[in-house]
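> Next comes the structure file work-v6.cif, holding mmCIF, C-alpha atoms, pLDDT in the B column; chains and numbers go by the auth columns.
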```
data_run
loop_
_atom_site.group_PDB
_atom_site.id
_atom_site.type_symbol
_atom_site.label_atom_id
_atom_site.label_comp_id
_atom_site.label_asym_id
_atom_site.label_seq_id
_atom_site.Cartn_x
_atom_site.Cartn_y
_atom_site.Cartn_z
_atom_site.B_iso_or_equiv
_atom_site.auth_seq_id
_atom_site.auth_asym_id
ATOM 1 C CA ASP A 1 26.969 -8.126 -14.310 40.00 1 A
ATOM 2 C CA PRO A 2 26.101 -10.989 -11.953 48.00 2 A
ATOM 3 C CA ARG A 3 22.449 -11.456 -11.031 52.00 3 A
ATOM 4 C CA GLY A 4 21.694 -9.882 -7.668 55.00 4 A
ATOM 5 C CA ALA A 5 24.564 -7.385 -7.807 55.00 5 A
ATOM 6 C CA LEU A 6 23.759 -3.775 -7.058 52.00 6 A
ATOM 7 C CA PRO A 7 23.886 -1.426 -10.060 53.00 7 A
ATOM 8 C CA GLU A 8 26.384 1.359 -10.461 62.00 8 A
ATOM 9 C CA GLU A 9 26.488 4.116 -7.842 66.00 9 A
ATOM 10 C CA GLY A 10 23.923 6.853 -8.425 70.00 10 A
ATOM 11 C CA VAL A 11 21.310 4.518 -9.926 78.00 11 A
ATOM 12 C CA MET A 12 18.467 3.986 -7.461 81.00 12 A
ATOM 13 C CA THR A 13 16.662 0.689 -7.970 87.00 13 A
ATOM 14 C CA GLY A 14 14.209 -1.251 -5.840 90.00 14 A
ATOM 15 C CA ARG A 15 17.053 -3.550 -4.801 90.00 15 A
ATOM 16 C CA ARG A 16 19.216 -0.599 -3.715 90.00 16 A
ATOM 17 C CA ILE A 17 16.302 0.960 -1.817 92.00 17 A
ATOM 18 C CA ALA A 18 15.756 -2.364 -0.017 94.00 18 A
ATOM 19 C CA ALA A 19 19.479 -2.584 0.820 93.00 19 A
ATOM 20 C CA ASN A 20 19.396 0.945 2.283 93.00 20 A
ATOM 21 C CA ILE A 21 16.295 0.167 4.364 95.00 21 A
ATOM 22 C CA SER A 22 17.868 -3.056 5.598 96.00 22 A
ATOM 23 C CA LYS A 23 21.054 -1.268 6.644 95.00 23 A
ATOM 24 C CA ARG A 24 19.427 1.803 8.183 95.00 24 A
ATOM 25 C CA PHE A 25 16.706 0.031 10.177 95.00 25 A
ATOM 26 C CA ARG A 26 18.544 -3.254 10.738 96.00 26 A
ATOM 27 C CA TRP A 27 15.833 -5.214 8.938 96.00 27 A
ATOM 28 C CA THR A 28 16.477 -8.467 7.177 96.00 28 A
ATOM 29 C CA THR A 29 17.058 -8.169 3.448 94.00 29 A
ATOM 30 C CA ARG A 30 13.980 -10.318 2.892 95.00 30 A
ATOM 31 C CA ASP A 31 11.718 -7.962 4.894 96.00 31 A
ATOM 32 C CA SER A 32 13.168 -4.898 3.179 96.00 32 A
ATOM 33 C CA VAL A 33 12.613 -6.407 -0.277 95.00 33 A
ATOM 34 C CA ARG A 34 9.020 -7.280 0.689 96.00 34 A
ATOM 35 C CA LEU A 35 8.385 -3.704 1.818 96.00 35 A
ATOM 36 C CA VAL A 36 9.750 -2.226 -1.417 95.00 36 A
ATOM 37 C CA GLU A 37 7.809 -4.714 -3.562 95.00 37 A
ATOM 38 C CA LEU A 38 4.602 -3.931 -1.661 96.00 38 A
ATOM 39 C CA PHE A 39 5.175 -0.193 -2.047 94.00 39 A
ATOM 40 C CA PHE A 40 5.639 -0.472 -5.824 93.00 40 A
ATOM 41 C CA ARG A 41 2.651 -2.822 -6.131 95.00 41 A
ATOM 42 C CA ILE A 42 0.410 -0.326 -4.300 95.00 42 A
ATOM 43 C CA LEU A 43 1.840 2.613 -6.279 94.00 43 A
ATOM 44 C CA GLY A 44 1.230 0.799 -9.584 93.00 44 A
ATOM 45 C CA LYS A 45 -2.291 -0.268 -8.611 95.00 45 A
ATOM 46 C CA ASN A 46 -3.290 3.281 -7.717 94.00 46 A
ATOM 47 C CA LEU A 47 -1.781 4.723 -10.898 93.00 47 A
ATOM 48 C CA ARG A 48 -3.539 2.110 -13.046 90.00 48 A
ATOM 49 C CA GLU A 49 -6.806 3.131 -11.348 92.00 49 A
ATOM 50 C CA GLY A 50 -6.141 6.724 -12.442 91.00 50 A
ATOM 51 C CA LYS A 51 -5.325 7.980 -8.954 94.00 51 A
ATOM 52 C CA ARG A 52 -2.755 10.674 -8.207 95.00 52 A
ATOM 53 C CA VAL A 53 -0.158 9.526 -5.656 95.00 53 A
ATOM 54 C CA GLU A 54 1.553 12.092 -3.445 95.00 54 A
ATOM 55 C CA LEU A 55 4.541 11.299 -1.249 94.00 55 A
ATOM 56 C CA ARG A 56 4.919 14.306 1.025 93.00 56 A
ATOM 57 C CA GLY A 57 8.401 15.767 0.886 92.00 57 A
ATOM 58 C CA PHE A 58 9.219 13.740 -2.227 92.00 58 A
ATOM 59 C CA GLY A 59 6.797 14.428 -5.055 93.00 59 A
ATOM 60 C CA VAL A 60 3.630 13.577 -6.951 94.00 60 A
ATOM 61 C CA PHE A 61 3.002 10.813 -9.495 94.00 61 A
ATOM 62 C CA ARG A 62 0.159 11.482 -11.957 94.00 62 A
ATOM 63 C CA PRO A 63 -1.184 8.926 -14.426 93.00 63 A
ATOM 64 C CA THR A 64 -2.180 9.928 -17.951 88.00 64 A
ATOM 65 C CA LEU A 65 -3.798 7.627 -20.467 79.00 65 A
ATOM 66 C CA SER A 66 -2.242 7.949 -23.902 76.00 66 A
ATOM 67 C CA THR A 67 -4.664 7.051 -26.704 75.00 67 A
ATOM 68 C CA ARG A 68 -2.256 7.148 -29.642 73.00 68 A
ATOM 69 C CA LYS A 69 -2.483 3.970 -31.766 71.00 69 A
ATOM 70 C CA LYS A 70 -2.572 1.775 -28.653 75.00 70 A
ATOM 71 C CA ALA A 71 -3.837 2.869 -25.237 75.00 71 A
ATOM 72 C CA SER A 72 -1.052 3.044 -22.676 82.00 72 A
ATOM 73 C CA LEU A 73 -0.547 4.498 -19.234 82.00 73 A
ATOM 74 C CA ARG A 74 2.050 7.221 -18.850 87.00 74 A
ATOM 75 C CA VAL A 75 3.148 8.544 -15.490 89.00 75 A
ATOM 76 C CA SER A 76 4.457 12.021 -14.847 91.00 76 A
ATOM 77 C CA PHE A 77 6.403 12.907 -11.722 90.00 77 A
ATOM 78 C CA ARG A 78 6.908 16.299 -10.151 91.00 78 A
ATOM 79 C CA THR A 79 9.328 16.739 -7.277 91.00 79 A
ATOM 80 C CA SER A 80 8.185 18.533 -4.156 92.00 80 A
ATOM 81 C CA ALA A 81 9.617 21.895 -3.118 92.00 81 A
ATOM 82 C CA THR A 82 11.142 20.141 -0.087 91.00 82 A
ATOM 83 C CA LEU A 83 13.019 17.669 -2.275 88.00 83 A
ATOM 84 C CA GLU A 84 14.092 20.454 -4.641 91.00 84 A
ATOM 85 C CA ARG A 85 15.644 22.359 -1.718 90.00 85 A
ATOM 86 C CA LYS A 86 17.441 19.249 -0.456 86.00 86 A
ATOM 87 C CA LEU A 87 18.823 18.536 -3.921 84.00 87 A
ATOM 88 C CA GLU A 88 20.183 22.066 -4.143 89.00 88 A
ATOM 89 C CA GLU A 89 22.082 21.807 -0.832 86.00 89 A
#
```
Rewrite the structure from the file as structure tokens, please.


Amino acid sequence: DPRGALPEEGVMTGRRIAANISKRFRWTTRDSVRLVELFFRILGKNLREGKRVELRGFGVFRPTLSTRKKASLRVSFRTSATLERKLEE
């Protein structure tokens, strides 16, 4: 698997999201990658701060601190009703 290649179909990665943004909005790959990296950085920061993150029409990310042996952050995700309906179509 050469570095930089897109993963198999059906696997959604940051790189694939950036490629889709670039194609759909005619952005440069560089700008699309920056947008996706910024999004994940902001998402991670908010989750680490214990904040719930809601993306309307997509779902909700909720952080939970696990205190077993070693403290770690776990994130749960619940899809929105809108996304559920679209997935069922």

> Which polymer residues have any atom within 8 Å of an atom of Pro63 of chain A, counting all atoms listed in the file, with same-chain residues fewer than 6 positions away left out, as number ranges by chain?

A: 47-48, 50-52, 73-76

> Interatomic distance between atom CA of Leu83 of chain A and atom CA of Gly57 of chain A?

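A separation of 5.9 Å between them.
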
> From the options A:Thr64, A:Asn46, A:Ser22, A:Thr29, which residue's atoms come nearest to Phe77 of chain A, counting only C-alpha atoms?

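Once distances to Phe77 of chain A are computed over only C-alpha atoms, the minimum belongs to A:Thr64.
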
> Run the PyMOL selection byres ((chain A and resi 79) around 6) on the file and write out the hits as an NGL selection string.

:A and (58-59 or 78 or 80)

> Which residue is closest to Val33 of chain A? Choose from A:Lys45, A:Val60, A:Arg15, A:Glu88 and count only C-alpha atoms.

A:Arg15

> Give the answer as one residue: which of A:Ala81, A:Ala18, A:Met12, A:Lys70 has the shortest atom-to-atom distance to Phe39 of chain A, using all atoms listed in the file?

A:Ala18

> Of the candidates A:Arg56, A:Phe25, A:Ile17, A:Arg62, which shows the shortest atom-to-atom distance to Glu37 of chain A, using only C-alpha atoms?

A:Ile17

> Quick one, how far is atom CA of Leu35 of chain A from atom CA of Leu55 of chain A?

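Interatomic distance here is 15.8 Å.
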
> Using the file's own x, y and z axes, what box holds all listed atoms of segment 52-62 of chain A with 3 Å on each side, keeping edges along x, y and z, and what are its centre and edge lengths in Å to one decimal, as lines of an AutoDock Vina configuration file?


```
center_x = 3.2
center_y = 12.6
center_z = -5.5
size_x = 18.0
size_y = 12.2
size_z = 19.0
```

> How would segment 22-59 of chain A look written as an mmCIF file, in the first residue's frame with N, CA and C atoms?


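Output file decode-v1.cif is given in full below:
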```cif
data_model
loop_
_atom_site.group_PDB
_atom_site.id
_atom_site.type_symbol
_atom_site.label_atom_id
_atom_site.label_comp_id
_atom_site.auth_asym_id
_atom_site.auth_seq_id
_atom_site.Cartn_x
_atom_site.Cartn_y
_atom_site.Cartn_z
ATOM 1 N N SER A 22 -12.239 18.472 -2.062
ATOM 2 C CA SER A 22 -11.478 19.055 -3.163
ATOM 3 C C SER A 22 -12.225 18.899 -4.491
ATOM 4 N N LYS A 23 -12.748 17.723 -4.716
ATOM 5 C CA LYS A 23 -13.466 17.439 -5.969
ATOM 6 C C LYS A 23 -14.792 18.199 -6.038
ATOM 7 N N ARG A 24 -15.559 18.139 -4.957
ATOM 8 C CA ARG A 24 -16.895 18.740 -4.972
ATOM 9 C C ARG A 24 -16.871 20.263 -5.057
ATOM 10 N N PHE A 25 -15.942 20.895 -4.333
ATOM 11 C CA PHE A 25 -15.918 22.356 -4.273
ATOM 12 C C PHE A 25 -14.808 22.975 -5.107
ATOM 13 N N ARG A 26 -14.089 22.117 -5.831
ATOM 14 C CA ARG A 26 -12.977 22.563 -6.679
ATOM 15 C C ARG A 26 -11.926 23.334 -5.879
ATOM 16 N N TRP A 27 -11.624 22.819 -4.696
ATOM 17 C CA TRP A 27 -10.571 23.374 -3.854
ATOM 18 C C TRP A 27 -9.286 22.643 -4.177
ATOM 19 N N THR A 28 -8.179 23.257 -3.822
ATOM 20 C CA THR A 28 -6.911 22.546 -3.974
ATOM 21 C C THR A 28 -6.867 21.431 -2.921
ATOM 22 N N THR A 29 -6.110 20.405 -3.209
ATOM 23 C CA THR A 29 -5.954 19.315 -2.248
ATOM 24 C C THR A 29 -5.378 19.855 -0.942
ATOM 25 N N ARG A 30 -4.430 20.749 -1.059
ATOM 26 C CA ARG A 30 -3.784 21.332 0.123
ATOM 27 C C ARG A 30 -4.806 22.037 1.025
ATOM 28 N N ASP A 31 -5.688 22.858 0.430
ATOM 29 C CA ASP A 31 -6.700 23.558 1.228
ATOM 30 C C ASP A 31 -7.696 22.589 1.850
ATOM 31 N N SER A 32 -8.065 21.567 1.108
ATOM 32 C CA SER A 32 -9.006 20.566 1.626
ATOM 33 C C SER A 32 -8.399 19.801 2.800
ATOM 34 N N VAL A 33 -7.141 19.424 2.678
ATOM 35 C CA VAL A 33 -6.450 18.714 3.762
ATOM 36 C C VAL A 33 -6.372 19.613 4.989
ATOM 37 N N ARG A 34 -6.057 20.884 4.793
ATOM 38 C CA ARG A 34 -5.994 21.838 5.914
ATOM 39 C C ARG A 34 -7.334 21.942 6.624
ATOM 40 N N LEU A 35 -8.418 22.012 5.860
ATOM 41 C CA LEU A 35 -9.751 22.098 6.449
ATOM 42 C C LEU A 35 -10.053 20.871 7.303
ATOM 43 N N VAL A 36 -9.785 19.692 6.759
ATOM 44 C CA VAL A 36 -10.060 18.446 7.487
ATOM 45 C C VAL A 36 -9.189 18.349 8.738
ATOM 46 N N GLU A 37 -7.912 18.701 8.627
ATOM 47 C CA GLU A 37 -7.031 18.678 9.795
ATOM 48 C C GLU A 37 -7.510 19.639 10.872
ATOM 49 N N LEU A 38 -7.930 20.835 10.465
ATOM 50 C CA LEU A 38 -8.442 21.823 11.416
ATOM 51 C C LEU A 38 -9.709 21.313 12.095
ATOM 52 N N PHE A 39 -10.601 20.721 11.317
ATOM 53 C CA PHE A 39 -11.835 20.175 11.882
ATOM 54 C C PHE A 39 -11.524 19.136 12.962
ATOM 55 N N PHE A 40 -10.640 18.189 12.650
ATOM 56 C CA PHE A 40 -10.319 17.134 13.619
ATOM 57 C C PHE A 40 -9.571 17.686 14.832
ATOM 58 N N ARG A 41 -8.742 18.705 14.617
ATOM 59 C CA ARG A 41 -8.041 19.339 15.739
ATOM 60 C C ARG A 41 -9.047 20.002 16.690
ATOM 61 N N ILE A 42 -10.005 20.726 16.132
ATOM 62 C CA ILE A 42 -11.032 21.386 16.951
ATOM 63 C C ILE A 42 -11.918 20.350 17.639
ATOM 64 N N LEU A 43 -12.318 19.310 16.912
ATOM 65 C CA LEU A 43 -13.134 18.241 17.493
ATOM 66 C C LEU A 43 -12.394 17.604 18.670
ATOM 67 N N GLY A 44 -11.137 17.244 18.474
ATOM 68 C CA GLY A 44 -10.340 16.618 19.529
ATOM 69 C C GLY A 44 -10.162 17.519 20.736
ATOM 70 N N LYS A 45 -9.887 18.795 20.494
ATOM 71 C CA LYS A 45 -9.703 19.758 21.584
ATOM 72 C C LYS A 45 -10.953 19.839 22.441
ATOM 73 N N ASN A 46 -12.106 19.963 21.796
ATOM 74 C CA ASN A 46 -13.361 20.067 22.538
ATOM 75 C C ASN A 46 -13.672 18.793 23.308
ATOM 76 N N LEU A 47 -13.414 17.639 22.726
ATOM 77 C CA LEU A 47 -13.653 16.378 23.423
ATOM 78 C C LEU A 47 -12.712 16.219 24.615
ATOM 79 N N ARG A 48 -11.450 16.596 24.447
ATOM 80 C CA ARG A 48 -10.502 16.533 25.564
ATOM 81 C C ARG A 48 -10.912 17.460 26.706
ATOM 82 N N GLU A 49 -11.585 18.556 26.372
ATOM 83 C CA GLU A 49 -12.071 19.497 27.394
ATOM 84 C C GLU A 49 -13.391 19.039 28.014
ATOM 85 N N GLY A 50 -13.865 17.850 27.589
ATOM 86 C CA GLY A 50 -15.092 17.300 28.163
ATOM 87 C C GLY A 50 -16.366 17.833 27.541
ATOM 88 N N LYS A 51 -16.245 18.497 26.405
ATOM 89 C CA LYS A 51 -17.417 19.088 25.754
ATOM 90 C C LYS A 51 -18.069 18.095 24.796
ATOM 91 N N ARG A 52 -19.376 18.145 24.736
ATOM 92 C CA ARG A 52 -20.171 17.372 23.781
ATOM 93 C C ARG A 52 -20.121 18.123 22.457
ATOM 94 N N VAL A 53 -19.957 17.404 21.349
ATOM 95 C CA VAL A 53 -19.892 18.036 20.033
ATOM 96 C C VAL A 53 -21.017 17.483 19.173
ATOM 97 N N GLU A 54 -21.896 18.373 18.727
ATOM 98 C CA GLU A 54 -23.020 17.971 17.884
ATOM 99 C C GLU A 54 -22.839 18.522 16.481
ATOM 100 N N LEU A 55 -22.967 17.643 15.496
ATOM 101 C CA LEU A 55 -22.954 18.038 14.094
ATOM 102 C C LEU A 55 -24.363 17.783 13.571
ATOM 103 N N ARG A 56 -25.133 18.834 13.446
ATOM 104 C CA ARG A 56 -26.538 18.703 13.057
ATOM 105 C C ARG A 56 -26.678 17.889 11.774
ATOM 106 N N GLY A 57 -27.588 16.958 11.787
ATOM 107 C CA GLY A 57 -27.823 16.106 10.631
ATOM 108 C C GLY A 57 -26.842 14.950 10.511
ATOM 109 N N PHE A 58 -25.874 14.885 11.424
ATOM 110 C CA PHE A 58 -24.872 13.825 11.377
ATOM 111 C C PHE A 58 -24.864 13.015 12.662
ATOM 112 N N GLY A 59 -24.627 13.691 13.793
ATOM 113 C CA GLY A 59 -24.621 12.972 15.058
ATOM 114 C C GLY A 59 -23.952 13.745 16.170
#
```
